[in-house]
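K.L.:
Have a peek at target.cif (mmCIF, C-alpha atoms and all ligand atoms).
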```
data_start
loop_
_atom_site.label_atom_id
_atom_site.label_comp_id
_atom_site.auth_asym_id
_atom_site.auth_seq_id
_atom_site.Cartn_x
_atom_site.Cartn_y
_atom_site.Cartn_z
CA MET E 1129 60.26 -29.07 119.46
CA SER E 1130 57.36 -30.39 121.59
CA GLY E 1131 54.94 -30.52 118.68
CA SER E 1132 57.27 -32.41 116.37
CA PRO E 1133 56.74 -36.10 115.63
CA LEU E 1134 58.48 -38.67 117.81
CA LEU E 1135 62.05 -39.31 116.83
CA PRO E 1136 62.91 -42.81 115.54
CA LEU E 1137 65.55 -44.61 117.60
CA GLU E 1138 68.01 -44.78 114.68
CA GLU E 1139 67.86 -41.02 114.20
CA ALA E 1140 68.40 -40.43 117.92
CA ILE E 1141 71.40 -42.76 117.95
CA SER E 1142 72.92 -41.11 114.91
CA ARG E 1143 72.53 -37.64 116.49
CA LEU E 1144 74.15 -38.92 119.67
CA LEU E 1145 77.03 -40.45 117.74
CA ALA E 1146 77.52 -37.23 115.78
CA MET E 1147 77.69 -35.32 119.07
CA ALA E 1148 80.10 -37.94 120.42
CA GLU E 1149 82.45 -37.34 117.49
CA THR E 1150 82.76 -33.71 118.55
CA GLN E 1151 83.47 -34.76 122.16
CA ARG E 1152 86.06 -37.50 121.57
CA LEU E 1153 88.45 -37.74 124.51
CA GLN E 1154 91.98 -36.96 123.42
CA ASP E 1155 94.03 -37.76 126.53
CA SER E 1156 95.27 -41.19 127.45
CA GLU E 1157 97.01 -42.80 130.38
CA THR E 1158 99.08 -45.90 131.04
CA VAL E 1159 97.47 -48.36 133.44
CA PRO E 1160 98.44 -51.81 134.74
CA LEU E 1161 96.65 -54.77 133.17
CA SER E 1162 95.05 -55.53 136.55
CA VAL E 1163 92.85 -52.43 136.34
CA ALA E 1164 92.50 -52.06 132.57
CA ARG E 1165 89.33 -54.11 132.16
CA GLN E 1166 86.49 -52.16 130.45
CA ARG E 1167 88.91 -49.44 129.36
CA VAL E 1168 89.52 -48.53 125.73
CA LEU E 1169 92.88 -48.93 124.02
CA ALA E 1170 94.37 -45.56 123.00
CA ASN E 1171 97.02 -46.88 120.59
CA ASP E 1172 97.37 -49.99 118.48
CA LEU E 1173 98.92 -52.84 120.43
CA VAL E 1174 101.80 -54.03 118.25
CA ALA E 1175 103.42 -57.41 118.85
CA THR E 1176 107.03 -57.39 119.95
CA LEU E 1177 107.24 -61.19 119.91
CA ASP E 1178 106.46 -64.01 117.52
CA LEU E 1179 103.91 -66.31 119.13
CA PRO E 1180 104.77 -69.02 119.69
CA PRO E 1181 108.35 -67.70 120.01
CA TRP E 1182 109.71 -71.10 118.89
CA PRO E 1183 108.20 -74.23 117.36
CA ASN E 1184 106.71 -76.34 120.12
CA SER E 1185 104.91 -79.58 120.58
CA ALA E 1186 101.11 -79.68 120.68
CA MET E 1187 101.18 -83.17 122.25
CA ASP E 1188 102.89 -85.42 124.72
CA GLY E 1189 104.73 -87.83 122.42
CA TYR E 1190 107.83 -88.19 120.30
CA ALA E 1191 109.57 -85.77 117.94
CA LEU E 1192 111.26 -87.18 114.88
CA ASN E 1193 112.55 -86.29 111.44
CA LEU E 1194 110.42 -87.78 108.64
CA GLU E 1195 112.98 -87.04 105.93
CA GLY E 1196 114.69 -90.24 104.84
CA TRP E 1197 112.94 -92.24 107.59
CA ASP E 1198 111.68 -95.65 106.51
CA GLY E 1199 109.08 -96.06 109.26
CA GLN E 1200 111.26 -98.29 111.42
CA PRO E 1201 111.20 -97.98 115.25
CA LEU E 1202 113.58 -95.31 116.58
CA PRO E 1203 115.65 -95.12 119.75
CA VAL E 1204 115.03 -92.18 122.13
CA SER E 1205 118.01 -89.81 122.32
CA GLN E 1206 116.68 -87.09 124.67
CA GLN E 1207 113.70 -85.91 126.73
CA VAL E 1208 112.32 -82.40 126.38
CA PHE E 1209 109.97 -80.88 128.92
CA ALA E 1210 108.27 -77.50 128.62
CA GLY E 1211 110.71 -74.80 129.72
CA GLN E 1212 113.80 -76.73 128.58
CA VAL E 1213 116.04 -76.00 125.62
CA PRO E 1214 116.63 -79.19 123.60
CA GLU E 1215 119.74 -80.36 121.76
CA ALA E 1216 119.50 -80.80 118.00
CA LEU E 1217 117.95 -84.18 117.20
CA THR E 1218 120.53 -86.93 116.74
CA PRO E 1219 119.94 -88.42 113.25
CA GLY E 1220 118.22 -91.80 113.34
CA THR E 1221 116.61 -91.15 116.74
CA CYS E 1222 113.50 -89.58 118.18
CA ALA E 1223 113.07 -87.32 121.22
CA ARG E 1224 110.59 -87.86 124.02
CA ILE E 1225 108.69 -84.58 124.12
CA PHE E 1226 105.90 -83.03 126.19
CA THR E 1227 103.23 -80.47 125.37
CA GLY E 1228 104.60 -76.96 125.04
CA ALA E 1229 108.26 -78.06 124.92
CA PRO E 1230 110.45 -76.63 122.12
CA VAL E 1231 110.82 -79.02 119.19
CA PRO E 1232 114.51 -79.98 118.72
CA LYS E 1233 116.22 -78.67 115.59
CA GLY E 1234 116.19 -81.39 112.96
CA ALA E 1235 112.77 -82.78 113.99
CA ASN E 1236 109.85 -82.02 111.69
CA ALA E 1237 106.97 -83.98 113.23
CA VAL E 1238 105.60 -85.04 116.60
CA GLU E 1239 103.55 -88.17 117.09
CA MET E 1240 101.23 -88.37 120.08
CA GLN E 1241 102.16 -91.04 122.56
CA GLU E 1242 98.81 -92.85 122.15
CA ASN E 1243 99.82 -93.75 118.56
CA THR E 1244 103.18 -95.23 119.57
CA GLU E 1245 104.43 -98.33 121.32
CA VAL E 1246 107.53 -98.68 123.50
CA LEU E 1247 109.30 -101.88 122.40
CA ASP E 1248 111.19 -104.16 124.81
CA ASP E 1249 114.51 -102.73 123.64
CA GLY E 1250 113.28 -99.18 124.42
CA ARG E 1251 112.82 -98.15 120.82
CA ILE E 1252 109.60 -96.43 119.79
CA ARG E 1253 107.35 -97.97 117.15
CA PHE E 1254 105.15 -95.52 115.26
CA LYS E 1255 101.82 -97.15 114.49
CA GLN E 1256 100.63 -94.95 111.65
CA PRO E 1257 102.03 -92.77 108.86
CA LEU E 1258 102.92 -89.16 109.73
CA ILE E 1259 103.00 -85.96 107.74
CA PRO E 1260 105.62 -83.19 108.05
CA GLY E 1261 104.72 -80.56 110.64
CA CYS E 1262 102.11 -82.66 112.41
CA ASN E 1263 101.52 -81.77 116.06
CA ILE E 1264 104.04 -78.94 115.85
CA ARG E 1265 102.89 -75.40 116.59
CA ALA E 1266 105.07 -73.41 114.20
CA GLN E 1267 106.90 -70.31 115.37
CA GLY E 1268 104.71 -67.26 114.70
CA GLN E 1269 101.62 -69.31 113.84
CA GLU E 1270 99.52 -67.02 116.06
CA ASN E 1271 101.27 -63.77 115.26
CA ARG E 1272 104.54 -62.29 114.09
CA ALA E 1273 106.47 -59.48 115.81
CA GLY E 1274 105.24 -56.24 114.24
CA ASP E 1275 101.67 -57.45 113.73
CA VAL E 1276 98.90 -55.16 115.03
CA LEU E 1277 97.18 -57.40 117.58
CA LEU E 1278 94.56 -54.95 118.87
CA HIS E 1279 93.50 -51.73 117.25
CA ALA E 1280 93.07 -48.41 119.04
CA GLY E 1281 89.44 -48.15 120.12
CA LYS E 1282 89.23 -51.76 121.26
CA ARG E 1283 87.46 -52.27 124.57
CA LEU E 1284 89.62 -54.35 126.83
CA GLY E 1285 88.17 -57.49 128.35
CA PRO E 1286 89.87 -60.57 129.77
CA PHE E 1287 90.76 -61.89 126.30
CA GLU E 1288 92.41 -58.68 125.10
CA LEU E 1289 94.30 -58.25 128.37
CA ALA E 1290 95.57 -61.82 128.10
CA VAL E 1291 96.77 -61.05 124.55
CA ALA E 1292 98.75 -58.12 125.98
CA ALA E 1293 100.12 -60.31 128.77
CA ALA E 1294 101.25 -62.92 126.22
CA GLN E 1295 103.46 -60.19 124.72
CA GLY E 1296 104.96 -59.51 128.12
CA CYS E 1297 103.11 -56.21 128.64
CA THR E 1298 102.50 -55.13 132.23
CA HIS E 1299 100.64 -51.95 131.24
CA VAL E 1300 98.45 -50.68 128.41
CA GLN E 1301 97.81 -47.20 127.08
CA VAL E 1302 94.10 -46.42 127.45
CA VAL E 1303 91.84 -43.46 126.75
CA ARG E 1304 91.23 -41.47 129.90
CA ARG E 1305 87.98 -42.17 131.67
CA PRO E 1306 84.99 -40.01 130.75
CA ARG E 1307 84.03 -37.93 133.79
CA VAL E 1308 80.28 -38.22 134.19
CA ALA E 1309 78.30 -36.18 136.70
CA LEU E 1310 75.34 -38.27 137.82
CA LEU E 1311 72.34 -36.30 139.00
CA SER E 1312 69.00 -37.67 140.19
CA THR E 1313 66.08 -35.29 140.02
CA GLY E 1314 62.82 -35.49 141.95
CA ASN E 1315 61.40 -34.02 145.15
CA GLU E 1316 60.21 -37.50 146.06
CA LEU E 1317 63.64 -39.09 146.15
CA VAL E 1318 65.39 -40.22 149.30
CA GLU E 1319 68.76 -41.94 149.47
CA PRO E 1320 68.87 -45.46 150.90
CA GLY E 1321 69.80 -45.32 154.57
CA MET E 1322 67.61 -42.28 155.21
CA PRO E 1323 64.10 -42.54 156.64
CA LEU E 1324 61.35 -42.66 154.05
CA ARG E 1325 58.92 -39.76 154.32
CA PRO E 1326 55.27 -40.05 153.28
CA GLY E 1327 55.14 -39.74 149.51
CA SER E 1328 58.85 -40.39 149.05
CA LEU E 1329 60.70 -43.32 147.54
CA TYR E 1330 64.26 -44.52 147.50
CA ASN E 1331 66.61 -43.46 144.73
CA SER E 1332 67.40 -46.62 142.78
CA ASN E 1333 68.53 -45.01 139.52
CA ARG E 1334 71.64 -43.65 141.16
CA THR E 1335 72.84 -47.12 142.10
CA LEU E 1336 71.87 -48.57 138.72
CA LEU E 1337 73.74 -45.91 136.78
CA ASN E 1338 76.69 -45.63 139.09
CA HIS E 1339 77.56 -49.28 138.46
CA TRP E 1340 76.69 -49.18 134.79
CA LEU E 1341 78.82 -46.11 134.17
CA SER E 1342 81.77 -47.75 135.91
CA ALA E 1343 81.30 -50.85 133.76
CA LEU E 1344 81.57 -48.60 130.69
CA GLY E 1345 84.88 -47.20 131.91
CA CYS E 1346 83.54 -43.92 133.32
CA GLU E 1347 84.54 -42.00 136.40
CA VAL E 1348 81.35 -41.06 138.22
CA ILE E 1349 80.95 -37.75 139.97
CA ASP E 1350 77.97 -38.24 142.23
CA ALA E 1351 76.00 -35.02 142.08
CA GLY E 1352 73.27 -36.17 144.44
CA ILE E 1353 69.58 -35.39 144.26
CA LEU E 1354 68.19 -32.24 142.69
CA PRO E 1355 64.76 -30.93 143.69
CA ASP E 1356 62.19 -30.15 141.00
CA ASP E 1357 62.99 -26.46 140.84
CA ALA E 1358 63.99 -24.59 137.70
CA ARG E 1359 66.32 -22.11 139.38
CA GLN E 1360 68.19 -24.80 141.30
CA THR E 1361 68.35 -26.90 138.16
CA ARG E 1362 70.01 -24.08 136.22
CA LEU E 1363 72.46 -23.44 139.03
CA ARG E 1364 73.39 -27.09 139.38
CA LEU E 1365 73.87 -27.66 135.66
CA ASP E 1366 75.97 -24.53 135.59
CA GLN E 1367 78.23 -25.84 138.39
CA LEU E 1368 78.49 -29.31 136.90
CA GLN E 1369 79.51 -28.23 133.41
CA HIS E 1370 83.03 -27.53 134.68
CA GLY E 1371 85.36 -30.48 134.73
CA THR E 1372 82.86 -33.01 133.40
CA ASP E 1373 82.49 -34.65 130.01
CA LEU E 1374 78.81 -35.43 130.45
CA ILE E 1375 76.00 -34.65 132.84
CA LEU E 1376 73.75 -37.67 133.12
CA THR E 1377 70.43 -37.08 134.83
CA THR E 1378 67.32 -39.07 135.62
CA GLY E 1379 63.79 -37.72 135.90
CA GLY E 1380 62.23 -34.39 135.10
CA VAL E 1381 62.19 -34.69 131.33
CA SER E 1382 58.51 -35.37 130.64
CA ALA E 1383 56.06 -32.60 129.86
CA GLY E 1384 54.72 -32.10 133.39
CA ASP E 1385 54.95 -28.90 135.43
CA ALA E 1386 57.54 -30.41 137.74
CA ASP E 1387 59.73 -31.62 134.88
CA CYS E 1388 62.29 -28.88 135.28
CA LEU E 1389 65.32 -30.54 133.84
CA GLY E 1390 63.87 -30.80 130.36
CA GLN E 1391 62.49 -27.25 130.55
CA VAL E 1392 65.84 -25.78 131.59
CA LEU E 1393 67.69 -27.74 128.97
CA ARG E 1394 65.35 -26.57 126.22
CA GLU E 1395 65.27 -22.95 127.40
CA CYS E 1396 68.87 -22.38 128.48
CA GLY E 1397 70.72 -25.04 126.56
CA LYS E 1398 71.01 -26.33 123.02
CA PRO E 1399 68.50 -29.15 122.59
CA LEU E 1400 69.60 -32.11 120.48
CA LEU E 1401 66.63 -34.38 120.87
CA TRP E 1402 63.47 -34.86 122.88
CA LYS E 1403 60.68 -37.43 122.63
CA LEU E 1404 61.65 -40.73 121.14
CA SER E 1405 59.45 -43.18 119.37
CA ILE E 1406 60.24 -45.96 121.84
CA LYS E 1407 58.51 -47.49 124.82
CA PRO E 1408 59.63 -47.21 127.53
CA GLY E 1409 61.85 -44.16 127.22
CA LYS E 1410 59.88 -41.65 125.20
CA PRO E 1411 60.83 -38.53 127.28
CA LEU E 1412 64.60 -38.95 126.77
CA THR E 1413 66.08 -35.48 126.38
CA VAL E 1414 69.56 -34.67 125.16
CA GLY E 1415 71.13 -31.27 124.79
CA GLN E 1416 74.12 -29.18 125.51
CA PHE E 1417 74.30 -26.94 128.56
CA GLY E 1418 77.13 -24.46 128.21
CA LYS E 1419 80.10 -26.56 127.16
CA VAL E 1420 78.87 -29.90 128.34
CA PRO E 1421 76.43 -32.42 126.85
CA VAL E 1422 73.53 -33.45 129.06
CA ILE E 1423 71.71 -36.74 128.66
CA GLY E 1424 68.43 -36.55 130.53
CA LEU E 1425 67.03 -40.02 131.09
CA PRO E 1426 63.41 -40.46 132.13
CA GLY E 1427 62.98 -41.21 135.84
CA ASN E 1428 61.01 -44.43 135.68
CA PRO E 1429 63.59 -47.08 136.47
CA THR E 1430 62.96 -49.19 133.38
CA SER E 1431 62.79 -46.14 131.12
CA ALA E 1432 66.14 -45.04 132.52
CA LEU E 1433 67.52 -48.53 131.99
CA VAL E 1434 66.33 -48.87 128.40
CA THR E 1435 67.42 -45.41 127.31
CA PHE E 1436 70.78 -45.71 129.03
CA GLY E 1437 71.35 -49.17 127.51
CA LEU E 1438 70.30 -48.26 123.98
CA LEU E 1439 71.45 -44.63 123.73
CA ALA E 1440 73.68 -43.26 126.49
CA ARG E 1441 75.86 -46.36 126.29
CA VAL E 1442 76.76 -45.85 122.62
CA TYR E 1443 77.54 -42.20 123.31
CA LEU E 1444 79.88 -43.05 126.19
CA LEU E 1445 81.68 -45.71 124.20
CA ARG E 1446 82.10 -43.53 121.15
CA ILE E 1447 83.63 -40.59 123.04
CA GLN E 1448 86.22 -43.11 124.21
CA GLY E 1449 86.93 -44.01 120.61
CA VAL E 1450 85.05 -47.32 120.35
CA GLU E 1451 83.97 -47.86 116.74
CA ASP E 1452 81.86 -50.92 117.20
CA VAL E 1453 79.19 -49.67 119.60
CA GLU E 1454 76.16 -51.62 118.45
CA PRO E 1455 75.19 -54.39 120.88
CA LEU E 1456 75.08 -57.89 119.43
CA SER E 1457 71.53 -59.09 119.07
CA PHE E 1458 69.86 -62.09 117.56
CA ALA E 1459 66.46 -63.34 116.45
CA VAL E 1460 64.51 -65.35 119.00
CA THR E 1461 61.28 -67.25 118.76
CA VAL E 1462 58.75 -65.60 121.02
CA GLY E 1463 56.67 -67.63 123.41
CA PHE E 1464 54.00 -64.97 123.77
CA ALA E 1465 51.45 -63.13 121.67
CA TRP E 1466 51.59 -59.38 121.09
CA PRO E 1467 48.22 -58.74 119.49
CA LYS E 1468 48.02 -54.94 119.65
CA PRO E 1469 50.36 -53.03 117.34
CA GLY E 1470 52.03 -50.05 119.00
CA SER E 1471 52.89 -46.71 117.46
CA ARG E 1472 56.25 -46.75 119.24
CA ARG E 1473 58.94 -49.43 119.16
CA GLU E 1474 58.68 -51.45 122.35
CA TYR E 1475 61.42 -53.02 124.43
CA LEU E 1476 60.04 -55.82 126.56
CA ARG E 1477 61.84 -57.43 129.46
CA ALA E 1478 62.10 -61.09 128.53
CA ARG E 1479 63.82 -64.26 129.52
CA LEU E 1480 64.88 -67.15 127.29
CA GLU E 1481 63.22 -70.36 128.41
CA GLY E 1482 63.48 -73.54 126.34
CA GLY E 1483 64.63 -71.54 123.30
CA ARG E 1484 61.69 -69.10 123.49
CA ALA E 1485 61.45 -65.58 124.82
CA VAL E 1486 58.90 -65.22 127.59
CA LEU E 1487 57.82 -61.93 129.09
CA TYR E 1488 57.99 -60.65 132.62
CA PRO E 1489 54.31 -60.39 133.54
CA ASN E 1490 54.46 -56.72 134.48
CA GLN E 1491 55.94 -54.60 131.70
CA SER E 1492 55.24 -51.26 133.40
CA SER E 1493 58.14 -48.85 133.06
CA GLY E 1494 58.02 -48.24 136.79
CA VAL E 1495 58.83 -51.87 137.55
CA LEU E 1496 62.51 -52.48 138.05
CA LEU E 1497 62.29 -56.09 139.15
CA GLY E 1498 61.47 -57.27 135.62
CA ALA E 1499 64.93 -56.29 134.42
CA SER E 1500 66.54 -58.39 137.11
CA TRP E 1501 64.31 -61.34 136.21
CA ALA E 1502 64.94 -60.97 132.46
CA ASP E 1503 67.90 -61.89 130.25
CA GLY E 1504 67.38 -58.98 127.91
CA LEU E 1505 65.02 -57.00 125.74
CA VAL E 1506 62.70 -58.22 123.02
CA GLU E 1507 62.20 -55.55 120.38
CA VAL E 1508 58.72 -55.19 118.91
CA LEU E 1509 58.80 -52.88 115.93
CA GLU E 1510 56.32 -50.07 115.39
CA GLY E 1511 53.01 -51.30 114.01
CA ARG E 1512 54.00 -54.91 114.50
CA THR E 1513 52.02 -57.72 116.11
CA LEU E 1514 53.45 -61.06 117.16
CA GLN E 1515 52.06 -64.52 117.53
CA ALA E 1516 53.74 -67.17 119.61
CA GLY E 1517 56.25 -68.95 117.37
CA GLU E 1518 57.19 -65.86 115.36
CA THR E 1519 60.59 -64.28 115.69
CA ALA E 1520 61.74 -60.94 117.07
CA ARG E 1521 65.08 -59.31 117.78
CA PHE E 1522 66.53 -59.93 121.23
CA ILE E 1523 69.23 -57.82 122.86
CA PRO E 1524 70.85 -59.61 125.79
CA PHE E 1525 71.52 -57.36 128.79
CA SER E 1526 75.05 -58.76 128.91
CA GLU E 1527 75.72 -56.94 125.62
CA LEU E 1528 74.87 -53.61 127.18
CA PHE E 1529 77.61 -53.64 129.82
P1 LIG E 1601 59.93 -38.47 136.15
O1 LIG E 1601 60.62 -38.94 134.93
O2 LIG E 1601 60.71 -37.48 136.95
O3 LIG E 1601 58.55 -38.01 135.82
O4 LIG E 1601 59.76 -39.74 137.07
C1 LIG E 1601 58.96 -40.82 136.66
C2 LIG E 1601 58.80 -41.82 137.76
O5 LIG E 1601 60.05 -42.36 138.08
C3 LIG E 1601 58.26 -41.27 139.05
O6 LIG E 1601 57.33 -42.19 139.58
C4 LIG E 1601 59.46 -41.17 139.93
O7 LIG E 1601 59.12 -41.26 141.28
C5 LIG E 1601 60.32 -42.29 139.46
N1 LIG E 1601 61.72 -41.96 139.66
C6 LIG E 1601 62.30 -40.84 139.24
N2 LIG E 1601 63.60 -40.82 139.59
C7 LIG E 1601 63.84 -41.96 140.26
C8 LIG E 1601 64.99 -42.52 140.87
N3 LIG E 1601 66.15 -41.86 140.85
N4 LIG E 1601 64.89 -43.72 141.46
C9 LIG E 1601 63.70 -44.36 141.46
N5 LIG E 1601 62.57 -43.90 140.90
C10 LIG E 1601 62.63 -42.71 140.29
MG MG E 1602 60.30 -36.30 138.48
#
```
What does the file become when written as structure tokens?
Ligand code: AMP
Ligand code: MG
P.N.:
Amino acid sequence: MSGSPLLPLEEAISRLLAMAETQRLQDSETVPLSVARQRVLANDLVATLDLPPWPNSAMDGYALNLEGWDGQPLPVSQQVFAGQVPEALTPGTCARIFTGAPVPKGANAVEMQENTEVLDDGRIRFKQPLIPGCNIRAQGQENRAGDVLLHAGKRLGPFELAVAAAQGCTHVQVVRRPRVALLSTGNELVEPGMPLRPGSLYNSNRTLLNHWLSALGCEVIDAGILPDDARQTRLRLDQLQHGTDLILTTGGVSAGDADCLGQVLRECGKPLLWKLSIKPGKPLTVGQFGKVPVIGLPGNPTSALVTFGLLARVYLLRIQGVEDVEPLSFAVTVGFAWPKPGSRREYLRARLEGGRAVLYPNQSSGVLLGASWADGLVEVLEGRTLQAGETARFIPFSELF
């Protein structure tokens, strides 16, 4: 596998999605709306109510019946506030009405108060012609009982959860969380809070991925730090394959002598892909160890970030049943020149300033700070150069969470 050409990103994603299809999570659970954010709907959410449940006023104003009305001022026969149940409209009168209040039976239009005048005798003069139905939100104009409001596989955010609340739901049925064992590899790694030895550095990938996994609805099993040792790597992968849906690792997947994770995965597992035609992120290694898929991200913080955001993310969403896994992206005008074409597709940390994408000055894959500075990734295709003013695809980081 090591001698084969670098794998294009699209091919890697399609292999990951094919593997995800074989690993789709079947179980679901019912959770309260308050904790359902970022989870994935297991069943269609079907409306039990018409919305609105009754015709109501879109304005503060006056409700009247236009049929047979000659445009003359009308006396006010009742007041209807939101939350009240009105009487039927007395013929030849109008009703004072407020936004959200049910429209009285017999009324077929509401005029906003700004277009009316209260005469000395208390009658209401309507200043301009009206059309039937104006300023009335019809019953069921948003949805009818029985409509499918959200399809299974929908990721739940504030909007979707509010849709469920509007139907009176307190709970939703969601796909169970993927259980992801998170393993950092590297003899040099030390956890924050511990003293730093000479030659060591703090483990930042664990914190990055712990939060990111949670944001994608996963339950994280923190498997700690693994030394660069083939025997220990085999043992640990062997332990972790039980009770997990995915083992996610960082580091140890390049071609160096200490890159044990990749070696073990290729020798003892079933490799799915290694060596991508992207920068950063080339060493990404995916395979199956025993029963469980392993996604081996490169250790450099930005390589881990790019490969998790572009590849592991789609895998984790798809096993939860999400169909639409591609992040939204758009074309931006670049405010920089990229004169040297690359053989791999590059993902540059960039910020949008004055409508142009500008680059973080240090694009090294070891530099984490650039991601925090940036708004997202500018994609520079293989063999492509850019001049300032040309356009390139931009993937906002917000789309990757
Ligand atoms: P590797 O992919 O194991 O060759 O690691 C590449 C680089 O990333 C090395 O400089 C590592 O020290 C660094 N690195 C690996 N894992 C981590 C981690 N968990 N947190 C921060 N840096 C890391
Ligand atoms: Mg390493």
K.L.:
What is the distance between atom CA of E:Ser1342 and atom CA of E:Ala1290, in Å to one decimal?
P.N.:
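Straight-line distance from atom CA of E:Ser1342 to atom CA of E:Ala1290 works out to 21.2 Å.
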K.L.:
Would you pick out the contacts of E:Lys1282 at 6 Å or less, using only C-alpha atoms, so that residues sharing its chain but fewer than 3 positions from it are not included, and give the list as a PyMOL selection string?
P.N.:
chain E and resi 1168-1169+1279
K.L.:
Give me, please, the distance in Å between atom CA of E:Arg1512 and atom CA of E:Ser1132, quoted to one decimal.
P.N.:
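A separation of 22.8 Å between them.
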K.L.:
Could you list the protein, DNA and RNA residues that have any atom within 6 Å of ligand LIG 1601 (chain E), counting only C-alpha atoms and all ligand atoms, and write them as a VMD selection string?
P.N.:
chain E and resid 1312 1314 1331 to 1334 1378 to 1382 1426 to 1429
K.L.:
Within 8 Å of E:Arg1167, counting all atoms listed in the file, which residues show up once you throw out same-chain ones fewer than 4 positions away? Write them as a list in words, please.
P.N.:
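Residues near the query, excluding close chain neighbours: Arg1283, Leu1284, Val1302, Val1303, Arg1305, Leu1344 and Gly1345 of chain E.
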K.L.:
Fewer than 3 positions away in the same chain doesn't count, so skip those; otherwise give me all residues within 9 Å of E:Gln1269, counting all atoms listed in the file, as number ranges by chain.
P.N.:
E: 1178-1180, 1183, 1265-1266, 1272
K.L.:
Have a look at atom CA of E:Gln1206 and atom CA of E:Leu1194 and let me know their distance in Å, one decimal.
P.N.:
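Spanning atom CA of E:Gln1206 to atom CA of E:Leu1194 is a straight-line distance of 17.2 Å.
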K.L.:
Check the smallest atom-to-atom distance from each of E:Leu1363, E:Leu1433, E:Ala1148, E:Leu1425 to ligand MG 1602 (chain E) using all atoms listed in the file, then report the winner.
P.N.:
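Closest residue, counting all atoms listed in the file: E:Leu1425.
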K.L.:
Go through E:Ala1485, E:Ala1478, E:Ile1375, E:Cys1388 one by one, measure the shortest atom-to-atom distance of each to ligand MG 1602 (chain E) using all atoms listed in the file, and give the residue with the smallest value.
P.N.:
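Closest to ligand MG 1602 (chain E), using all atoms listed in the file: E:Cys1388.
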K.L.:
Please check which residues have atoms at most 8 Å from (84.8, -40.7, 136.0) in the file's coordinates, counting all atoms listed in the file, and write them as a list in words.
P.N.:
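Looking at atoms near the point gives Arg1305, Pro1306, Arg1307, Val1308, Ala1309, Ser1342, Gly1345, Cys1346, Glu1347, Val1348 and Ile1349 of chain E.
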K.L.:
For E:Thr1372, which residue among E:Gly1418, E:Pro1260, E:Pro1323, E:Pro1411 is the nearest when counting all atoms listed in the file?
P.N.:
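So, comparing all the options, the nearest one is E:Gly1418.
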K.L.:
Name the closest residue to E:Ser1162 among the candidates E:Glu1138, E:Val1414, E:Leu1192, E:Gly1285; distances are taken between atoms, counting all atoms listed in the file.
P.N.:
E:Gly1285
K.L.:
Please return the centre and edge lengths, in Å to one decimal, of a box with edges along x, y and z that contains all listed atoms of stretch 1168-1171 of chain E, widened by 5 Å on every side, as JSON.
P.N.:
```
{"center_x": 93.3, "center_y": -47.2, "center_z": 123.2, "size_x": 17.5, "size_y": 13.4, "size_z": 15.1}
```
K.L.:
Smallest atom-to-atom distance to E:Asp1188: which of E:Gln1391, E:Thr1361, E:Thr1227, E:Thr1513, using all atoms listed in the file?
P.N.:
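Of all the options, E:Thr1227 lies closest to E:Asp1188.
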K.L.:
Skip stretch 1518-1522 of chain E itself and residues of its chain fewer than 4 positions away, then list as a JSON list (two decimals) with C-alpha atoms, keeping the file's coordinate frame all residues within 12 Å of it, counting all atoms listed in the file.
P.N.:
```
[["chain", "number", "residue", "atom", "x", "y", "z"],
["E", 1455, "PRO", "CA", 75.19, -54.39, 120.88],
["E", 1456, "LEU", "CA", 75.08, -57.89, 119.43],
["E", 1457, "SER", "CA", 71.53, -59.09, 119.07],
["E", 1458, "PHE", "CA", 69.86, -62.09, 117.56],
["E", 1459, "ALA", "CA", 66.46, -63.34, 116.45],
["E", 1460, "VAL", "CA", 64.51, -65.35, 119.00],
["E", 1461, "THR", "CA", 61.28, -67.25, 118.76],
["E", 1462, "VAL", "CA", 58.75, -65.60, 121.02],
["E", 1463, "GLY", "CA", 56.67, -67.63, 123.41],
["E", 1464, "PHE", "CA", 54.00, -64.97, 123.77],
["E", 1465, "ALA", "CA", 51.45, -63.13, 121.67],
["E", 1466, "TRP", "CA", 51.59, -59.38, 121.09],
["E", 1473, "ARG", "CA", 58.94, -49.43, 119.16],
["E", 1474, "GLU", "CA", 58.68, -51.45, 122.35],
["E", 1475, "TYR", "CA", 61.42, -53.02, 124.43],
["E", 1476, "LEU", "CA", 60.04, -55.82, 126.56],
["E", 1477, "ARG", "CA", 61.84, -57.43, 129.46],
["E", 1478, "ALA", "CA", 62.10, -61.09, 128.53],
["E", 1479, "ARG", "CA", 63.82, -64.26, 129.52],
["E", 1480, "LEU", "CA", 64.88, -67.15, 127.29],
["E", 1483, "GLY", "CA", 64.63, -71.54, 123.30],
["E", 1484, "ARG", "CA", 61.69, -69.10, 123.49],
["E", 1485, "ALA", "CA", 61.45, -65.58, 124.82],
["E", 1486, "VAL", "CA", 58.90, -65.22, 127.59],
["E", 1487, "LEU", "CA", 57.82, -61.93, 129.09],
["E", 1502, "ALA", "CA", 64.94, -60.97, 132.46],
["E", 1503, "ASP", "CA", 67.90, -61.89, 130.25],
["E", 1504, "GLY", "CA", 67.38, -58.98, 127.91],
["E", 1505, "LEU", "CA", 65.02, -57.00, 125.74],
["E", 1506, "VAL", "CA", 62.70, -58.22, 123.02],
["E", 1507, "GLU", "CA", 62.20, -55.55, 120.38],
["E", 1508, "VAL", "CA", 58.72, -55.19, 118.91],
["E", 1509, "LEU", "CA", 58.80, -52.88, 115.93],
["E", 1512, "ARG", "CA", 54.00, -54.91, 114.50],
["E", 1513, "THR", "CA", 52.02, -57.72, 116.11],
["E", 1514, "LEU", "CA", 53.45, -61.06, 117.16],
["E", 1526, "SER", "CA", 75.05, -58.76, 128.91],
["E", 1527, "GLU", "CA", 75.72, -56.94, 125.62]]
```
